[in-house]
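Participant: Got a file for you: upload-v7.txt, compact mmCIF, C-alpha atoms and all ligand atoms.
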```
# COMPACT_ATOMS: atom_id res chain seq x y z
CA MET A 24 20.34 -21.28 -12.15
CA MET A 25 19.49 -19.73 -8.77
CA ARG A 26 16.64 -22.16 -8.14
CA ARG A 27 18.90 -25.08 -8.94
CA ALA A 28 21.63 -23.75 -6.62
CA MET A 29 19.08 -23.28 -3.84
CA MET A 30 17.90 -26.85 -4.24
CA ASP A 31 21.45 -28.20 -4.18
CA ALA A 32 22.70 -25.94 -1.37
CA GLU A 33 24.69 -27.50 1.42
CA VAL A 34 23.23 -26.19 4.69
CA GLY A 35 23.83 -26.13 8.45
CA ASP A 36 22.62 -24.05 11.38
CA ASP A 37 23.77 -20.49 10.81
CA VAL A 38 22.89 -19.42 14.36
CA TYR A 39 25.86 -21.62 15.33
CA GLY A 40 27.88 -20.34 12.36
CA GLU A 41 27.65 -23.82 10.83
CA ASP A 42 26.03 -23.15 7.47
CA PRO A 43 28.81 -23.66 4.90
CA THR A 44 26.95 -21.80 2.14
CA VAL A 45 26.27 -18.76 4.32
CA ASN A 46 29.90 -18.81 5.43
CA ARG A 47 31.07 -18.96 1.82
CA LEU A 48 28.84 -16.04 0.87
CA GLN A 49 30.15 -13.97 3.78
CA GLU A 50 33.76 -14.73 2.92
CA ARG A 51 33.23 -13.95 -0.77
CA ALA A 52 31.50 -10.66 -0.02
CA ALA A 53 34.30 -9.62 2.35
CA GLU A 54 36.86 -10.53 -0.31
CA ILE A 55 35.12 -8.56 -3.06
CA PHE A 56 34.65 -5.49 -0.85
CA GLU A 57 38.11 -5.86 0.73
CA LYS A 58 36.61 -5.55 4.21
CA GLU A 59 37.59 -7.76 7.16
CA ALA A 60 34.22 -9.44 7.59
CA ALA A 61 30.64 -9.68 6.36
CA ILE A 62 27.34 -10.92 7.73
CA PHE A 63 24.26 -12.15 5.87
CA VAL A 64 21.07 -10.38 6.98
CA PRO A 65 17.47 -10.97 5.85
CA THR A 66 16.92 -7.41 4.64
CA GLY A 67 18.79 -4.27 3.80
CA SER A 68 16.83 -2.40 6.42
CA MET A 69 18.08 -4.76 9.12
CA GLY A 70 21.65 -4.35 7.88
CA ASN A 71 21.39 -0.57 7.94
CA GLN A 72 19.73 -0.46 11.33
CA ILE A 73 22.27 -2.80 12.93
CA ALA A 74 24.94 -0.41 11.65
CA VAL A 75 23.11 2.62 13.05
CA LYS A 76 22.76 0.81 16.39
CA LEU A 77 26.44 -0.11 16.59
CA HIS A 78 27.80 3.28 15.54
CA THR A 79 25.60 5.44 17.77
CA ARG A 80 24.25 5.86 21.29
CA PRO A 81 20.79 7.07 22.30
CA GLY A 82 20.23 10.80 22.30
CA THR A 83 22.53 11.53 19.38
CA GLU A 84 21.96 12.55 15.77
CA VAL A 85 22.51 10.76 12.48
CA VAL A 86 23.29 13.00 9.51
CA ILE A 87 21.55 11.87 6.31
CA GLU A 88 20.41 13.35 3.00
CA GLU A 89 16.74 14.29 3.32
CA ARG A 90 15.45 11.64 0.88
CA GLY A 91 17.65 8.88 2.34
CA HIS A 92 16.22 5.38 2.77
CA ILE A 93 17.49 4.95 6.34
CA TYR A 94 15.52 8.04 7.35
CA ASN A 95 12.36 7.74 5.23
CA TYR A 96 11.66 4.06 4.61
CA GLU A 97 12.86 2.06 7.58
CA MET A 98 9.95 2.61 9.94
CA ALA A 99 11.76 5.13 12.16
CA ALA A 100 13.97 2.28 13.38
CA MET A 101 16.77 4.72 14.03
CA ALA A 102 14.50 6.20 16.70
CA SER A 103 12.80 3.04 17.99
CA THR A 104 15.84 0.74 17.95
CA SER A 105 18.72 3.14 18.45
CA GLY A 106 17.14 6.15 20.16
CA THR A 107 18.70 8.45 17.60
CA LEU A 108 17.35 11.45 15.73
CA ALA A 109 17.80 12.01 12.01
CA ARG A 110 19.43 15.27 10.97
CA PRO A 111 18.23 15.49 7.35
CA VAL A 112 20.37 17.51 4.97
CA HIS A 113 19.22 19.19 1.76
CA SER A 114 21.56 19.06 -1.21
CA ARG A 115 21.67 22.56 -2.62
CA ASP A 116 22.19 21.52 -6.23
CA GLY A 117 19.11 19.29 -6.03
CA THR A 118 20.96 16.13 -7.03
CA GLY A 119 20.65 14.48 -3.61
CA ILE A 120 24.40 13.87 -3.66
CA LEU A 121 25.92 15.72 -0.71
CA ASN A 122 29.29 17.41 -0.45
CA TRP A 123 31.30 17.82 2.73
CA ASP A 124 30.25 21.44 3.31
CA GLU A 125 26.59 20.46 3.36
CA ILE A 126 27.27 17.59 5.75
CA GLU A 127 29.51 19.69 7.98
CA SER A 128 26.83 22.33 8.45
CA ALA A 129 24.56 19.63 9.94
CA ILE A 130 27.16 18.22 12.33
CA HIS A 131 27.28 19.10 16.01
CA THR A 132 30.48 18.12 17.75
CA GLY A 133 32.25 19.65 20.67
CA GLY A 134 29.74 22.47 20.84
CA ALA A 135 27.22 23.52 23.45
CA TYR A 136 26.08 20.76 25.80
CA TYR A 137 22.43 21.60 25.08
CA VAL A 138 22.67 20.62 21.41
CA PRO A 139 22.37 16.89 20.61
CA PRO A 140 25.72 15.62 19.38
CA THR A 141 26.22 13.92 16.04
CA SER A 142 27.28 10.28 16.24
CA LEU A 143 27.13 9.08 12.63
CA VAL A 144 27.18 10.21 9.01
CA THR A 145 25.35 8.05 6.47
CA LEU A 146 25.58 8.10 2.68
CA GLU A 147 23.48 6.28 0.07
CA ASN A 148 25.09 5.03 -3.16
CA SER A 149 23.38 4.89 -5.56
CA HIS A 150 20.78 7.21 -4.09
CA ASN A 151 17.39 5.66 -4.71
CA PHE A 152 15.09 8.64 -4.40
CA ALA A 153 17.60 10.98 -5.97
CA GLY A 154 17.02 9.10 -9.24
CA GLY A 155 19.83 6.61 -8.70
CA ARG A 156 22.59 9.22 -8.71
CA VAL A 157 26.02 8.20 -7.48
CA TYR A 158 28.87 9.16 -5.16
CA THR A 159 32.32 8.74 -6.72
CA SER A 160 35.00 7.13 -4.57
CA ALA A 161 36.74 10.53 -4.47
CA ARG A 162 33.65 12.23 -3.02
CA THR A 163 33.12 9.38 -0.56
CA ARG A 164 36.77 9.56 0.50
CA GLU A 165 36.65 13.29 1.09
CA ILE A 166 33.51 13.01 3.23
CA ALA A 167 34.83 10.03 5.20
CA GLU A 168 38.22 11.62 5.85
CA ARG A 169 36.63 14.82 7.13
CA ALA A 170 34.12 12.90 9.25
CA HIS A 171 36.86 10.72 10.71
CA ALA A 172 38.85 13.83 11.57
CA LEU A 173 35.89 14.72 13.80
CA SER A 174 35.85 11.15 15.19
CA LEU A 175 32.59 10.40 13.37
CA PRO A 176 32.06 7.02 11.69
CA VAL A 177 30.48 6.78 8.23
CA HIS A 178 27.98 4.11 7.20
CA LEU A 179 27.22 3.56 3.54
CA ASP A 180 23.77 2.39 2.49
CA GLY A 181 25.01 0.61 -0.60
CA ALA A 182 21.77 -1.28 -1.29
CA ARG A 183 22.53 -0.54 -4.96
CA ILE A 184 26.29 -0.07 -4.81
CA PHE A 185 26.88 -2.46 -7.71
CA ASN A 186 24.85 -0.09 -9.87
CA ALA A 187 27.07 2.78 -8.75
CA SER A 188 30.12 0.66 -9.49
CA ALA A 189 28.92 -0.15 -13.02
CA ALA A 190 28.01 3.48 -13.72
CA LEU A 191 31.32 4.89 -12.49
CA ASN A 192 33.52 2.04 -13.62
CA GLU A 193 34.97 1.94 -10.10
CA SER A 194 35.10 -1.22 -7.99
CA VAL A 195 32.73 -1.66 -5.07
CA ALA A 196 35.86 -2.05 -2.92
CA ASP A 197 37.03 1.42 -3.96
CA LEU A 198 33.59 2.93 -3.40
CA ALA A 199 33.35 1.39 0.08
CA ARG A 200 37.01 1.65 1.15
CA PRO A 201 36.69 5.01 2.91
CA VAL A 202 33.67 4.07 5.04
CA ASP A 203 33.48 2.15 8.31
CA SER A 204 30.57 -0.06 7.30
CA VAL A 205 28.59 -0.80 4.16
CA MET A 206 25.35 -2.65 3.47
CA PHE A 207 24.42 -3.98 0.04
CA CYS A 208 21.41 -5.93 -1.25
CA LEU A 209 21.66 -9.29 -2.98
CA SER A 210 18.04 -8.74 -3.89
CA LYS A 211 17.22 -5.62 -5.93
CA ALA A 212 19.47 -5.27 -8.95
CA LEU A 213 21.48 -8.44 -8.32
CA GLY A 214 18.32 -10.52 -8.53
CA ALA A 215 18.47 -12.83 -5.50
CA PRO A 216 15.10 -13.58 -3.92
CA VAL A 217 16.13 -12.56 -0.39
CA GLY A 218 19.03 -11.11 1.51
CA SER A 219 21.55 -8.38 2.11
CA MET A 220 25.09 -8.16 3.47
CA LEU A 221 26.61 -5.90 6.10
CA LEU A 222 30.39 -5.45 6.03
CA GLY A 223 33.00 -3.84 8.23
CA SER A 224 35.80 -4.67 10.64
CA ARG A 225 35.79 -8.10 12.26
CA ALA A 226 34.95 -6.63 15.66
CA PHE A 227 32.06 -4.68 14.13
CA ILE A 228 30.63 -7.77 12.44
CA ASP A 229 30.98 -9.81 15.64
CA GLU A 230 28.80 -7.20 17.35
CA ALA A 231 26.46 -7.15 14.38
CA ARG A 232 25.85 -10.88 14.83
CA ILE A 233 24.58 -10.22 18.36
CA TRP A 234 22.23 -7.50 17.16
CA ARG A 235 21.02 -9.55 14.22
CA LYS A 236 19.96 -12.25 16.70
CA ARG A 237 18.43 -9.71 19.06
CA LEU A 238 16.31 -8.30 16.23
CA GLY A 239 15.11 -11.76 15.24
CA GLY A 240 17.33 -12.09 12.20
CA GLY A 241 19.29 -15.18 13.27
CA MET A 242 18.24 -17.68 10.60
CA ARG A 243 18.84 -21.44 10.73
CA GLN A 244 19.42 -23.31 7.43
CA ALA A 245 19.82 -20.06 5.54
CA GLY A 246 22.15 -21.68 3.01
CA VAL A 247 19.22 -22.07 0.62
CA LEU A 248 19.10 -18.28 0.47
CA ALA A 249 22.85 -17.76 0.50
CA ALA A 250 23.20 -20.11 -2.50
CA ALA A 251 21.10 -17.74 -4.58
CA GLY A 252 23.02 -14.82 -3.06
CA LEU A 253 26.33 -16.27 -4.21
CA ILE A 254 25.12 -16.46 -7.80
CA ALA A 255 23.74 -12.92 -7.57
CA LEU A 256 27.10 -11.72 -6.30
CA GLU A 257 29.20 -13.51 -8.92
CA GLU A 258 27.04 -13.29 -12.02
CA SER A 259 24.83 -10.22 -11.86
CA PRO A 260 27.19 -7.24 -11.56
CA LYS A 261 28.52 -7.67 -15.10
CA LEU A 262 24.99 -7.38 -16.52
CA LEU A 263 24.04 -4.09 -14.89
CA HIS A 264 25.27 -1.87 -17.70
CA GLU A 265 22.37 -3.23 -19.80
CA ASP A 266 19.86 -2.02 -17.20
CA HIS A 267 21.59 1.35 -17.22
CA ALA A 268 21.46 1.66 -21.02
CA ASN A 269 17.78 0.76 -20.92
CA ALA A 270 17.11 3.34 -18.20
CA ARG A 271 18.88 6.04 -20.21
CA ARG A 272 16.89 5.17 -23.35
CA LEU A 273 13.70 5.27 -21.30
CA ALA A 274 14.62 8.69 -19.90
CA GLU A 275 15.44 10.06 -23.35
CA GLY A 276 12.14 8.82 -24.74
CA LEU A 277 10.17 10.18 -21.80
CA ALA A 278 11.84 13.58 -22.14
CA GLU A 279 10.35 13.85 -25.64
CA ILE A 280 6.78 13.33 -24.45
CA ASP A 281 4.72 16.50 -23.92
CA GLY A 282 4.09 17.22 -20.25
CA ILE A 283 6.86 14.98 -18.91
CA ARG A 284 9.93 16.54 -17.41
CA ILE A 285 13.19 14.70 -16.87
CA ASP A 286 16.86 15.39 -17.52
CA PRO A 287 18.15 12.19 -19.17
CA GLU A 288 21.71 13.21 -18.33
CA GLY A 289 20.85 12.69 -14.66
CA VAL A 290 19.96 9.05 -15.27
CA VAL A 291 23.21 7.18 -14.70
CA THR A 292 21.99 3.90 -13.18
CA ASN A 293 18.72 1.93 -13.37
CA ILE A 294 16.29 4.38 -11.74
CA VAL A 295 14.18 6.81 -13.74
CA ILE A 296 12.18 9.46 -11.86
CA PHE A 297 10.18 12.00 -13.85
CA ASP A 298 7.73 14.85 -13.25
CA ILE A 299 4.26 14.51 -14.78
CA VAL A 300 2.53 17.66 -13.49
CA ASP A 301 2.19 19.24 -16.94
CA THR A 302 0.40 16.21 -18.38
CA GLY A 303 -2.81 17.30 -16.64
CA MET A 304 -3.03 13.86 -15.02
CA THR A 305 -2.01 12.74 -11.54
CA SER A 306 0.76 10.22 -11.00
CA PRO A 307 -1.60 7.54 -9.53
CA GLU A 308 -3.83 7.92 -12.63
CA ILE A 309 -0.90 7.40 -14.98
CA CYS A 310 0.48 4.47 -12.96
CA ALA A 311 -2.95 2.80 -12.95
CA ARG A 312 -3.22 3.16 -16.74
CA LEU A 313 0.29 1.77 -17.20
CA LYS A 314 -0.58 -1.19 -15.01
CA GLU A 315 -3.42 -2.09 -17.38
CA SER A 316 -0.64 -2.78 -19.91
CA ASN A 317 1.40 -4.74 -17.34
CA ILE A 318 3.83 -1.85 -16.86
CA LEU A 319 4.65 -1.35 -13.19
CA SER A 320 5.72 2.02 -11.80
CA SER A 321 5.30 3.93 -8.57
CA ALA A 322 3.70 7.28 -7.93
CA PHE A 323 5.32 9.79 -5.58
CA GLY A 324 3.37 13.05 -5.53
CA PRO A 325 4.11 14.83 -8.79
CA GLU A 326 6.63 12.21 -9.82
CA ILE A 327 6.69 8.66 -11.15
CA ARG A 328 9.52 6.22 -10.55
CA MET A 329 10.48 3.40 -12.90
CA VAL A 330 13.28 0.88 -12.44
CA THR A 331 14.96 -1.24 -15.10
CA HIS A 332 16.23 -4.71 -14.21
CA TYR A 333 17.13 -8.18 -15.46
CA ASP A 334 13.60 -8.93 -16.65
CA VAL A 335 13.21 -5.70 -18.66
CA SER A 336 14.54 -5.78 -22.22
CA SER A 337 15.33 -2.92 -24.59
CA ALA A 338 12.24 -3.91 -26.60
CA ASP A 339 10.18 -3.50 -23.42
CA ILE A 340 11.43 0.07 -23.13
CA GLU A 341 9.94 0.92 -26.52
CA VAL A 342 6.63 -0.61 -25.42
CA VAL A 343 6.63 1.54 -22.27
CA LEU A 344 7.33 4.69 -24.29
CA ARG A 345 4.56 3.87 -26.76
CA GLU A 346 2.01 3.25 -23.98
CA MET A 347 3.10 6.35 -22.12
CA LYS A 348 2.60 8.53 -25.21
CA LYS A 349 -0.86 7.04 -25.69
CA ILE A 350 -1.90 7.62 -22.08
CA VAL A 351 -0.62 11.15 -21.85
CA SER A 352 -1.92 12.32 -25.24
CA SER A 353 -5.40 10.87 -24.58
CA GLU A 354 -5.66 13.48 -21.86
CA GLN A 355 -4.71 16.50 -23.99
C1 LIG A 401 15.90 -1.42 -0.82
C2 LIG A 401 16.78 -0.50 -0.08
C3 LIG A 401 17.18 -0.77 1.23
C4 LIG A 401 16.78 -2.00 2.03
O1 LIG A 401 15.55 -2.50 1.75
P1 LIG A 401 14.97 -3.88 2.28
O2 LIG A 401 13.68 -3.93 1.57
O3 LIG A 401 14.85 -3.76 3.74
O4 LIG A 401 15.90 -4.98 1.87
C5 LIG A 401 18.01 0.12 1.85
N1 LIG A 401 18.45 1.21 1.21
C6 LIG A 401 18.11 1.50 -0.06
C7 LIG A 401 18.69 2.68 -0.72
C8 LIG A 401 17.25 0.65 -0.75
O5 LIG A 401 16.94 0.95 -2.01
```
Transcribe the structure of this file into structure tokens.
Facilitator:
Amino acid sequence: MMRRAMMDAEVGDDVYGEDPTVNRLQERAAEIFEKEAAIFVPTGSMGNQIAVKLHTRPGTEVVIEERGHIYNYEMAAMASTSGTLARPVHSRDGTGILNWDEIESAIHTGGAYYVPPTSLVTLENSHNFAGGRVYTSARTREIAERAHALSLPVHLDGARIFNASAALNESVADLARPVDSVMFCLSKALGAPVGSMLLGSRAFIDEARIWRKRLGGGMRQAGVLAAAGLIALEESPKLLHEDHANARRLAEGLAEIDGIRIDPEGVVTNIVIFDIVDTGMTSPEICARLKESNILSSAFGPEIRMVTHYDVSSADIEVVLREMKKIVSSEQ
């Protein structure tokens, strides 16, 4: 369906704002998120970094949870593009989901002139490297209200916000309402081949268009991509609960395997991260063995990360569990 829509897409030059399909995607996204405006960007990283650039000035700090994507996986763009420093925050309960007290303790405002001031608070929902855990709209609202009281804007890295929405049964509009800007990916869980959206006030998005061009992200007949994005946006969110059920089943099965540690209760979206130290194998060894059976996963130190998506069925989950048992028990 996406390929067909891409082939049939009506296009124009989006640098001049003349691509009708891109314009339709931007309007639809703004409508769904109940924000004033939206802009199509090639990647989530570009969307996040444009937001960091617009909300901050050089020599200031950006507060972020220590495993956050904007800090760890965007090539230090907050330093190279925006001249800002990350102020990573540890979540004391280990979930990776911050509360206001934790954020507040990392904020510098109105203090000594020799301490770099905070210019932005960022949140990630769902939080990728915190095992896909989620911020409720109530938690987001509390953080944003307190930040705003200190005149600090809040940017939401909502690469996977539709997963959070499905898990919480709260609309993406509600989850993003308290924040000043939000980025979400049409790729990832929604299944489009390319593209992300950045949303905020109209003035903010007008500025974002300038920075998108400056960073080399002004695309011409991008309607072929936006056509797939529109289908991702309209059709995919309602399917995400299946990915979540599969992820939970995977986590429950993994928890029963000797040497693997994971709390299935913590798996609320489509990301499953588990500890393999007690298997006596390393994570790259296990991932390599899984790959021999066409099962893809990533190794992160003592942990392995798996993600469920549109192309993974519940039957596939049982195959993964069977292979995993085989691999781990061959070692013991
Ligand atoms: C994937 C992702 C991004 C953006 O990634 P791109 O590959 O640049 O599109 C940003 N934040 C999070 C949490 C992500 O998972």
Participant: Using only C-alpha atoms and all ligand atoms, find each residue with an atom at most 9 Å away from ligand LIG 401 (chain A) and format the answer as a ChimeraX atom specification.
Facilitator: /A:65-71,91-93,96-97,147-152,155,180-183,206-211,217-219
Participant: Nearest to Ala249 (chain A): which of A:Ala215, A:Val343, A:Val300, A:Leu173 is it, counting only C-alpha atoms?
Facilitator: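 Selected residue with least distance to Ala249 (chain A): A:Ala215.
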Participant: My list of candidates is A:Met30, A:Ile283, A:Leu221, A:Val291. Which is closest to Ser204 (chain A) when distances are computed with only C-alpha atoms?
Facilitator: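 Of A:Met30, A:Ile283, A:Leu221, A:Val291, the one nearest Ser204 (chain A) is A:Leu221, counting only C-alpha atoms.
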Participant: Could you work out how far CA of His332 (chain A) lies from CA of Gly241 (chain A), giving the answer in Å with one decimal?
Facilitator: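 Rounded to one decimal, the two atoms are 29.6 Å apart.
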Participant: Can you tell me, as a PDB file with C-alpha atoms, keeping the file's coordinate frame, what residues are no more than 10 Å from Tyr39 (chain A) when counting all atoms listed in the file, ignoring any on the same chain fewer than 2 positions away?
Facilitator:
```
ATOM      1  CA  GLY A  35      23.830 -26.130   8.450  1.00  0.00           C
ATOM      2  CA  ASP A  36      22.620 -24.050  11.380  1.00  0.00           C
ATOM      3  CA  ASP A  37      23.770 -20.490  10.810  1.00  0.00           C
ATOM      4  CA  GLU A  41      27.650 -23.820  10.830  1.00  0.00           C
ATOM      5  CA  ASP A  42      26.030 -23.150   7.470  1.00  0.00           C
ATOM      6  CA  GLY A 241      19.290 -15.180  13.270  1.00  0.00           C
ATOM      7  CA  MET A 242      18.240 -17.680  10.600  1.00  0.00           C
ATOM      8  CA  ARG A 243      18.840 -21.440  10.730  1.00  0.00           C
TER       9      ARG A 243
END
```
Participant: Around the point (37.0, -8.0, -2.8) (coordinates from the file), which residues reach within 12 Å if we count all atoms listed in the file? Answer as JSON, numbers by chain.
Facilitator: {"A": [49, 50, 51, 52, 53, 54, 55, 56, 57, 58, 59, 60, 61, 194, 195, 196, 197, 198, 199, 200, 222, 256, 257]}
Participant: Compile the contact shell of region 313-318 of chain A as a PyMOL selection string: residues with an atom at most 8 Å away, counting all atoms listed in the file, same-chain residues fewer than 5 positions apart removed.
Facilitator: chain A and resi 343+346-347+350
Participant: Which one is closest to Glu288 (chain A): A:Asn95, A:Thr79, A:Thr118, A:Gln244? Count all atoms listed in the file.
Facilitator: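 Checking each of A:Asn95, A:Thr79, A:Thr118, A:Gln244 against Glu288 (chain A), counting all atoms listed in the file, the winner is A:Thr118.
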Participant: One number please: CA of Gly239 (chain A) to CA of Met220 (chain A), in Å, one decimal.
Facilitator: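 These atoms are spaced 15.8 Å apart.
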Participant: Please measure the separation of CA of Gly324 (chain A) and CA of Thr292 (chain A), giving the value in Å to one decimal.
Facilitator: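 Here the two named atoms are 22.1 Å from each other.
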